[in-house]
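Worksheet for the structure shown next.
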Amino acid sequence: MGTVIPMFPLGSVLLPGMPLPLHVFEPRYQALVHDCLESTAEFGVVLIERGSEVGGGDVRTDVGTVARIVEAARFDDGRWAIGAVGLRRVRIEAWLPDDPYPRADVAEWPDDEEDLPAVEGVAEVGARFRRVLALAAELGLPVPPATVELADDPVVAVLQMSGASPLGPADRQALLQAPGPASRLALLSEMLVDQAELLEAQVAMGGADGDDFGEGFGQGPEGL
């Protein structure tokens with residue numbers, strides 16, 4: 001038996017270290033935020049594979065991320081605007097009834113400590129990452145600047161690039177589920193090669209088709 005925590009099923013993937021802005025308007029999630037703030041301020045985030053964020057009846061992944069609320073504002077009508085940050089990866093052991101809101105029994109799933117990336121490999125992928133950001137910016141896509149600063153710690157840098165790259169939810173979920181940083185870096189490198197080719201083709205054609213970059217990329221705060 002792991003730890004039972006409140007859960008936000010979303011249409012996007014949260015990686016450790018990534019920020020998560022949320023606009024919470026559904027009553028059950030308003031209650032979730034209230035209860036979180038009264039206790040640890042932590043909740044879990046998982047990707048919805050099929051279905052909708054609102055109303056229930058969705059199909060959820062079995063790997064997610066624990067997030068902590070770092071700022072919260074409540075409106076007069078009960079809605080919340082919160083800012084959270086991803087902390088650590090977890091496996092979903094079992095889902096509990098969605099009453100009064102989604103909850104799950106989760107187990108910590110730390111990265112494989114022996115699966116460490118080489119500094120040289122991080123630098124090589126980092127150059128590819130900046131190229132992709134520059135191309136995406138040229139097409140007017142909402143990405144960080146290509147000059148974004150990466151952490152000196154290669155493990156953190158890999159997570160930063162995984163979270164900031166213009167990828168769809170399925171790709172980002174695959175990165176979350178990689179055994180460790182070196183495996184995540186190798187997978188990200190392959191994804192960035194594909195993204196660079198796609199972006200270069202879009203630049204050559206004089207524009208971008210947002211559908212090519214996966215549902216959920218470049219959106220603002222999620223609404224629940």
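Naming scheme: A, B, ... for chains in displayed order of the structure tokens; residues 1 onward per chain; ligands 1 onward as shown.
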
Name the residues of range 6-217 of chain A that come out as alpha helix (DSSP H) in a backbone DSSP run; write them as an mmCIF file with C-alpha atoms, in the first residue's frame.
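Result went into selection21.cif, see below:
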```cif
data_model
loop_
_atom_site.group_PDB
_atom_site.id
_atom_site.type_symbol
_atom_site.label_atom_id
_atom_site.label_comp_id
_atom_site.auth_asym_id
_atom_site.auth_seq_id
_atom_site.Cartn_x
_atom_site.Cartn_y
_atom_site.Cartn_z
ATOM 1 C CA PRO A 27 -16.912 22.147 -7.666
ATOM 2 C CA ARG A 28 -15.168 18.839 -6.893
ATOM 3 C CA TYR A 29 -11.781 20.276 -7.874
ATOM 4 C CA GLN A 30 -12.497 23.435 -5.882
ATOM 5 C CA ALA A 31 -12.921 21.120 -2.887
ATOM 6 C CA LEU A 32 -9.679 19.330 -3.800
ATOM 7 C CA VAL A 33 -7.715 22.592 -3.800
ATOM 8 C CA HIS A 34 -9.243 23.633 -0.476
ATOM 9 C CA ASP A 35 -8.356 20.292 1.131
ATOM 10 C CA CYS A 36 -4.815 20.381 -0.298
ATOM 11 C CA LEU A 37 -4.181 23.822 1.140
ATOM 12 C CA GLU A 38 -5.435 22.593 4.508
ATOM 13 C CA VAL A 119 27.689 16.067 -19.666
ATOM 14 C CA GLU A 120 28.824 15.960 -23.293
ATOM 15 C CA GLY A 121 25.570 14.304 -24.314
ATOM 16 C CA VAL A 122 23.525 16.948 -22.524
ATOM 17 C CA ALA A 123 25.457 19.685 -24.325
ATOM 18 C CA GLU A 124 24.885 18.037 -27.712
ATOM 19 C CA VAL A 125 21.152 17.627 -27.146
ATOM 20 C CA GLY A 126 21.062 21.118 -25.653
ATOM 21 C CA ALA A 127 22.247 22.565 -28.956
ATOM 22 C CA ARG A 128 19.542 20.624 -30.800
ATOM 23 C CA PHE A 129 16.982 21.805 -28.227
ATOM 24 C CA ARG A 130 17.919 25.464 -28.811
ATOM 25 C CA ARG A 131 17.690 24.972 -32.570
ATOM 26 C CA VAL A 132 14.158 23.597 -32.194
ATOM 27 C CA LEU A 133 13.143 26.508 -29.962
ATOM 28 C CA ALA A 134 14.528 29.003 -32.471
ATOM 29 C CA LEU A 135 12.620 27.372 -35.332
ATOM 30 C CA ALA A 136 9.412 27.222 -33.293
ATOM 31 C CA ALA A 137 9.754 30.894 -32.356
ATOM 32 C CA GLU A 138 10.266 31.782 -36.018
ATOM 33 C CA PRO A 154 22.690 17.426 -16.147
ATOM 34 C CA VAL A 155 19.792 15.535 -14.533
ATOM 35 C CA VAL A 156 17.846 18.757 -13.998
ATOM 36 C CA ALA A 157 18.816 20.064 -17.444
ATOM 37 C CA VAL A 158 17.348 16.966 -19.107
ATOM 38 C CA LEU A 159 14.048 17.530 -17.276
ATOM 39 C CA GLN A 160 14.074 21.211 -18.235
ATOM 40 C CA MET A 161 14.534 20.404 -21.917
ATOM 41 C CA SER A 162 11.905 17.656 -21.761
ATOM 42 C CA GLY A 163 9.397 20.093 -20.302
ATOM 43 C CA ALA A 164 10.163 23.054 -22.573
ATOM 44 C CA PRO A 169 1.331 14.822 -24.471
ATOM 45 C CA ALA A 170 2.154 11.295 -25.686
ATOM 46 C CA ASP A 171 5.820 12.176 -26.253
ATOM 47 C CA ARG A 172 6.068 13.958 -22.919
ATOM 48 C CA GLN A 173 4.470 10.982 -21.153
ATOM 49 C CA ALA A 174 7.092 8.726 -22.729
ATOM 50 C CA LEU A 175 9.799 11.014 -21.375
ATOM 51 C CA LEU A 176 8.241 10.949 -17.911
ATOM 52 C CA PRO A 181 17.997 10.703 -17.071
ATOM 53 C CA ALA A 182 20.266 9.038 -19.643
ATOM 54 C CA SER A 183 17.385 7.093 -21.183
ATOM 55 C CA ARG A 184 15.254 10.252 -21.106
ATOM 56 C CA LEU A 185 18.006 12.214 -22.841
ATOM 57 C CA ALA A 186 18.386 9.603 -25.591
ATOM 58 C CA LEU A 187 14.636 9.571 -26.190
ATOM 59 C CA LEU A 188 14.455 13.371 -26.178
ATOM 60 C CA SER A 189 17.283 13.543 -28.696
ATOM 61 C CA GLU A 190 15.309 11.369 -31.128
ATOM 62 C CA MET A 191 12.198 13.478 -30.622
ATOM 63 C CA LEU A 192 14.094 16.714 -31.228
ATOM 64 C CA VAL A 193 15.513 15.389 -34.489
ATOM 65 C CA ASP A 194 11.966 14.707 -35.666
ATOM 66 C CA GLN A 195 10.730 18.082 -34.429
ATOM 67 C CA ALA A 196 13.573 19.930 -36.153
ATOM 68 C CA GLU A 197 12.736 18.261 -39.459
ATOM 69 C CA LEU A 198 9.049 19.116 -39.060
ATOM 70 C CA LEU A 199 9.744 22.722 -38.085
ATOM 71 C CA GLU A 200 12.233 23.229 -40.898
ATOM 72 C CA ALA A 201 9.619 21.982 -43.356
ATOM 73 C CA GLN A 202 7.049 24.361 -41.871
ATOM 74 C CA VAL A 203 9.469 27.281 -42.125
ATOM 75 C CA ALA A 204 10.162 26.392 -45.758
ATOM 76 C CA MET A 205 6.408 26.410 -46.451
#
```

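Among the candidates A:Pro19, A:Gly207, A:Gly44, A:Gly78, the one nearest to Glu108 in chain A when counting only C-alpha atoms is A:Gly44.
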
Inset, instruction - Write out as number ranges by chain the residues lying within 10 Å of Glu114 in chain A, counting only C-alpha atoms and excluding same-chain residues fewer than 2 positions away. - result: A: 111-112, 116-117, 179-182

I need the residues from that last selection saved to file as a compact mmCIF listing (two decimals), in the first residue's frame (with N, CA and C atoms), if you can.
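The resulting file, out-v2.txt, is shown below:
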```txt
# COMPACT_ATOMS: atom_id res chain seq x y z
N ASP A 111 13.89 8.05 -10.36
CA ASP A 111 14.70 7.66 -11.50
C ASP A 111 15.76 6.64 -11.09
N ASP A 112 16.16 5.83 -12.02
CA ASP A 112 17.26 4.89 -11.83
C ASP A 112 18.54 5.71 -11.60
N LEU A 116 22.63 7.63 -15.59
CA LEU A 116 23.04 9.04 -15.55
C LEU A 116 23.55 9.51 -16.92
N PRO A 117 23.19 10.73 -17.32
CA PRO A 117 23.62 11.24 -18.63
C PRO A 117 25.04 11.80 -18.57
N PRO A 179 13.31 5.24 -17.84
CA PRO A 179 13.91 4.70 -16.61
C PRO A 179 14.73 5.70 -15.81
N GLY A 180 15.44 6.58 -16.50
CA GLY A 180 16.28 7.53 -15.81
C GLY A 180 16.74 8.62 -16.75
N PRO A 181 17.59 9.54 -16.28
CA PRO A 181 18.00 10.70 -17.07
C PRO A 181 18.69 10.38 -18.39
N ALA A 182 19.56 9.37 -18.40
CA ALA A 182 20.27 9.04 -19.64
C ALA A 182 19.30 8.50 -20.69
```

Inset, instruction - Going by DSSP on the backbone, which bits of range 65-216 of chain A are strand (DSSP E)? Write them as a PyMOL selection string, please. - result: chain A and resi 65-74+80-95+103-108

Inset, instruction - Go through A:Gly206, A:Gly17, A:Pro145, A:Gly86 and flag the residue nearest Glu42 in chain A, using only C-alpha atoms for the distances. - result: A:Gly86

Inset, instruction - For CA of Ile92 in chain A and CA of Phe25 in chain A, quote the distance in Å rounded to one decimal. - result: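 One can read the CA of Ile92 in chain A to CA of Phe25 in chain A distance as 25.2 Å.
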
Inset, instruction - Would you mind listing what lies within 7 Å of range 62-66 of chain A as a ChimeraX atom specification, with only C-alpha atoms counted and same-chain residues fewer than 5 positions away left out? - result: /A:14-16,42-46,86-92

Restricted to C-alpha atoms, what would the selected residues look like written as a PDB file, in the first residue's frame?
```
ATOM      1  CA  LEU A  14       3.607  17.462 -15.813  1.00  0.00           C
ATOM      2  CA  LEU A  15       7.301  16.681 -15.381  1.00  0.00           C
ATOM      3  CA  PRO A  16       9.255  17.245 -12.151  1.00  0.00           C
ATOM      4  CA  GLU A  42       0.354  18.384  -2.697  1.00  0.00           C
ATOM      5  CA  PHE A  43      -1.671  16.522  -5.313  1.00  0.00           C
ATOM      6  CA  GLY A  44      -0.971  14.159  -8.190  1.00  0.00           C
ATOM      7  CA  VAL A  45      -1.212  14.859 -11.919  1.00  0.00           C
ATOM      8  CA  VAL A  46      -1.817  12.188 -14.553  1.00  0.00           C
ATOM      9  CA  GLY A  86       6.050  19.265 -10.293  1.00  0.00           C
ATOM     10  CA  LEU A  87       8.089  17.516  -7.607  1.00  0.00           C
ATOM     11  CA  ARG A  88       8.534  13.776  -8.152  1.00  0.00           C
ATOM     12  CA  ARG A  89       7.338  10.841 -10.225  1.00  0.00           C
ATOM     13  CA  VAL A  90       4.856   8.262  -8.947  1.00  0.00           C
ATOM     14  CA  ARG A  91       3.140   5.084 -10.110  1.00  0.00           C
ATOM     15  CA  ILE A  92      -0.594   4.718  -9.650  1.00  0.00           C
TER      16      ILE A  92
END
```

Inset, instruction - Find, counting only C-alpha atoms, the residue in A:Pro97, A:Val70, A:Pro110, A:Ala118 that gets nearest to Ala178 in chain A. - result: A:Pro110

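Computed from the coordinates, the CA of Leu96 in chain A to CA of Gly11 in chain A distance equals 20.0 Å.
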